[in-house]
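In what follows, a structure is listed as structure tokens, so that the remarks can point back to it.
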Amino acid sequence: MPALAQAELPLGADDQPAMIILGRDDANKAHAAYFNQSETAAATSAAALMAMMVLPITGEDVRALAARLPHGRIFGGTGKAFVPFVKQATYDALVAHVPVAQQVRPLRLVRAEAEGSDKPSEPAQPPAPKEPALSLPADWDHIVPGSVVLATVGRDDGWWEAVVLDGKPGNMWTLRWRDFPTEPVFSRQASNLALLHTSRKPTD
């Protein structure tokens with residue numbers, strides 16, 4: 001339950017029970033309490049603040065249920081109320097007397113929906129392009145997107161497998177490192193690549 005202020009409004013000792021506040025807390029626990037005639041205005045306001053339901057005590061069935069409930073308290077500091085726990089069976093019996101149109105969604109659901117409505121909708125992301133199946137070209141004329149070749153960053157760095165992504169004019173290829181997919185793509189001329197096996201050298 002939300003934290004409540006400690007200052008209480010005075011209660012009329014001779015008042016008769018007039019209404020019931022009921023609802024669930026953030027942990028889905030059932031709460032209900034009755035309030036006297038002199039408290040109805042404050043209790044109605046507290047129920048609205050706490051996203052709880054109000055049930056007037058009319059009819060013998062509701063009066064019998066109210067007799068099984070604790071007496072709630074109104075707190076002046078916040079305008080909210082202290083509404084104790086009740087048994088689930090008692091709570092269910094009370095809800096049955098609340099018209100469907102007047103039933104209130106639990107505060108935890110109201111908050112969750114409010115938080116969700118504040119979040120901007122995610123733009124639809126286009127599907128990632130499907131990468132062609134990897135292959136080992138038999139010679140330089142068979143290099144195509146998806147071919148696995150060898151490339152190097154520098155003379156002392158060694159040669160590493162790279163996947164051909166696209167070809168450009170001037171015998172230039174766009175590639176990505178096969179074993180380091182998060183690294184940026186890069187470009188190399190064919191003469192700066194090597195094949196894992198080949199029968200002849202490339203021609204520019």
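The way I read the labels, and the way they are meant: chains A, B, ... in the order of the structure tokens, residue 1 as the first residue of every chain, and ligand 1 as the first ligand shown, with later ones counted on from there.
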key: Long-range neighbours of A:Leu49 as a list in words, 9 Å cut-off, only C-alpha atoms, 3 positions minimum in chain   =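 Here the qualifying residues turn out to be Thr44, Ser45, Ala46, Met52, Gly79 and Lys80 of chain A.
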Can you write just those residues out, C-alpha atoms, as a PDB file, in the first residue's frame?
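New file part28.pdb:
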ATOM      1  CA  THR A  44     -15.020   8.518  -1.808  1.00  0.00           C
ATOM      2  CA  SER A  45     -12.171  10.925  -2.561  1.00  0.00           C
ATOM      3  CA  ALA A  46      -9.636   8.535  -1.005  1.00  0.00           C
ATOM      4  CA  MET A  52     -10.181   1.483  -5.301  1.00  0.00           C
ATOM      5  CA  GLY A  79      -6.472  12.432   1.602  1.00  0.00           C
ATOM      6  CA  LYS A  80      -5.876   8.680   1.308  1.00  0.00           C
TER       7      LYS A  80
END
query = Neighbours of A:Phe85 within 9 Å (only C-alpha atoms; same-chain residues fewer than 2 positions away dropped), as an MDAnalysis selection string?
reply = chainID A and resid 29:33 70 83 87
Would you export the selected residues with all heavy atoms as a PDB file, in the first residue's frame, please?
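See again05.pdb below for the written result:
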ATOM      1  N   LYS A  29      -2.796  -7.962  -3.253  1.00  0.00           N
ATOM      2  CA  LYS A  29      -3.457  -8.355  -2.018  1.00  0.00           C
ATOM      3  C   LYS A  29      -4.795  -7.634  -1.897  1.00  0.00           C
ATOM      4  O   LYS A  29      -4.920  -6.459  -2.248  1.00  0.00           O
ATOM      5  CB  LYS A  29      -2.583  -8.036  -0.800  1.00  0.00           C
ATOM      6  CG  LYS A  29      -1.233  -8.747  -0.796  1.00  0.00           C
ATOM      7  CD  LYS A  29      -1.394 -10.244  -0.621  1.00  0.00           C
ATOM      8  CE  LYS A  29      -0.034 -10.923  -0.465  1.00  0.00           C
ATOM      9  NZ  LYS A  29      -0.163 -12.388  -0.307  1.00  0.00           N
ATOM     10  N   ALA A  30      -5.806  -8.358  -1.368  1.00  0.00           N
ATOM     11  CA  ALA A  30      -7.152  -7.800  -1.249  1.00  0.00           C
ATOM     12  C   ALA A  30      -7.264  -6.929   0.005  1.00  0.00           C
ATOM     13  O   ALA A  30      -6.794  -7.305   1.082  1.00  0.00           O
ATOM     14  CB  ALA A  30      -8.176  -8.926  -1.200  1.00  0.00           C
ATOM     15  N   HIS A  31      -7.909  -5.760  -0.141  1.00  0.00           N
ATOM     16  CA  HIS A  31      -8.142  -4.844   0.964  1.00  0.00           C
ATOM     17  C   HIS A  31      -9.607  -4.421   0.954  1.00  0.00           C
ATOM     18  O   HIS A  31     -10.215  -4.270  -0.113  1.00  0.00           O
ATOM     19  CB  HIS A  31      -7.285  -3.577   0.828  1.00  0.00           C
ATOM     20  CG  HIS A  31      -5.811  -3.825   0.948  1.00  0.00           C
ATOM     21  ND1 HIS A  31      -5.090  -3.461   2.064  1.00  0.00           N
ATOM     22  CD2 HIS A  31      -4.930  -4.402   0.095  1.00  0.00           C
ATOM     23  CE1 HIS A  31      -3.812  -3.791   1.882  1.00  0.00           C
ATOM     24  NE2 HIS A  31      -3.696  -4.364   0.695  1.00  0.00           N
ATOM     25  N   ALA A  32     -10.179  -4.195   2.128  1.00  0.00           N
ATOM     26  CA  ALA A  32     -11.542  -3.672   2.227  1.00  0.00           C
ATOM     27  C   ALA A  32     -11.766  -3.148   3.638  1.00  0.00           C
ATOM     28  O   ALA A  32     -11.174  -3.652   4.604  1.00  0.00           O
ATOM     29  CB  ALA A  32     -12.578  -4.744   1.895  1.00  0.00           C
ATOM     30  N   ALA A  33     -12.597  -2.133   3.753  1.00  0.00           N
ATOM     31  CA  ALA A  33     -12.950  -1.562   5.055  1.00  0.00           C
ATOM     32  C   ALA A  33     -14.246  -0.789   4.901  1.00  0.00           C
ATOM     33  O   ALA A  33     -14.576  -0.312   3.819  1.00  0.00           O
ATOM     34  CB  ALA A  33     -11.836  -0.657   5.568  1.00  0.00           C
ATOM     35  N   PRO A  70     -13.070  -4.531   8.902  1.00  0.00           N
ATOM     36  CA  PRO A  70     -12.542  -3.547   9.857  1.00  0.00           C
ATOM     37  C   PRO A  70     -13.028  -2.153   9.489  1.00  0.00           C
ATOM     38  O   PRO A  70     -13.435  -1.897   8.349  1.00  0.00           O
ATOM     39  CB  PRO A  70     -11.019  -3.674   9.670  1.00  0.00           C
ATOM     40  CG  PRO A  70     -10.863  -4.154   8.258  1.00  0.00           C
ATOM     41  CD  PRO A  70     -12.036  -5.049   7.984  1.00  0.00           C
ATOM     42  N   VAL A  83      -6.863   1.054   4.572  1.00  0.00           N
ATOM     43  CA  VAL A  83      -7.831   0.001   4.254  1.00  0.00           C
ATOM     44  C   VAL A  83      -7.122  -1.332   4.481  1.00  0.00           C
ATOM     45  O   VAL A  83      -6.278  -1.734   3.677  1.00  0.00           O
ATOM     46  CB  VAL A  83      -8.323   0.114   2.803  1.00  0.00           C
ATOM     47  CG1 VAL A  83      -9.366  -0.954   2.496  1.00  0.00           C
ATOM     48  CG2 VAL A  83      -8.898   1.505   2.537  1.00  0.00           C
ATOM     49  N   LYS A  87      -9.844 -11.289   3.875  1.00  0.00           N
ATOM     50  CA  LYS A  87      -9.757 -12.604   3.255  1.00  0.00           C
ATOM     51  C   LYS A  87     -10.236 -12.548   1.814  1.00  0.00           C
ATOM     52  O   LYS A  87     -11.133 -11.777   1.469  1.00  0.00           O
ATOM     53  CB  LYS A  87     -10.586 -13.625   4.049  1.00  0.00           C
ATOM     54  CG  LYS A  87     -10.052 -13.901   5.445  1.00  0.00           C
ATOM     55  CD  LYS A  87     -10.916 -14.929   6.156  1.00  0.00           C
ATOM     56  CE  LYS A  87     -10.376 -15.232   7.553  1.00  0.00           C
ATOM     57  NZ  LYS A  87     -11.212 -16.241   8.259  1.00  0.00           N
TER      58      LYS A  87
END
Contacts of A:Ile21 within 12 Å, only C-alpha atoms, excl. fewer than 5 positions in-chain, as number ranges by chain = A: 30-36, 39-57, 66, 69-74, 80-86, 91, 94-95, 98, 103-104
message = Could you tell me how far atom CA of A:Pro169 sits from atom CA of A:Glu183, in Å to one decimal place?
response =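 That distance, rounded to one decimal, is 23.7 Å.
Counting only C-alpha atoms and comparing A:Ala101, A:Ala190, A:Leu22, A:Ala93, the residue that lies closest to A:Ile143 is A:Ala190.
Minimum distance to A:Gly167 across A:Ala151, A:Pro184, A:Val144, A:Val100 (counting only C-alpha atoms) occurs at A:Val144.
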query = Among stretch 22-177 of chain A, which residues carry a DSSP assignment of strand (DSSP E or B), reported as number ranges by chain?
reply = A: 22-24, 30-36, 53-56, 71, 73-75, 81-82, 85, 135, 147-151, 160-168, 172-177
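Atom pair atom CA of A:Val62 / atom CA of A:Asp15 has a distance of 17.3 Å (rounded to one decimal).
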ask   = Nearest to A:Gln88 among A:Pro181, A:Gly23, A:Gly170, A:Pro145, with distances taken over only C-alpha atoms: which residue is it?
value =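 Residue with the minimum atom-to-atom distance to A:Gln88: A:Gly23.
Of the residues listed (A:Leu196, A:Thr90, A:Val164, A:Leu175), A:Leu196 shows the shortest atom-to-atom separation from A:Leu136; distances use only C-alpha atoms.
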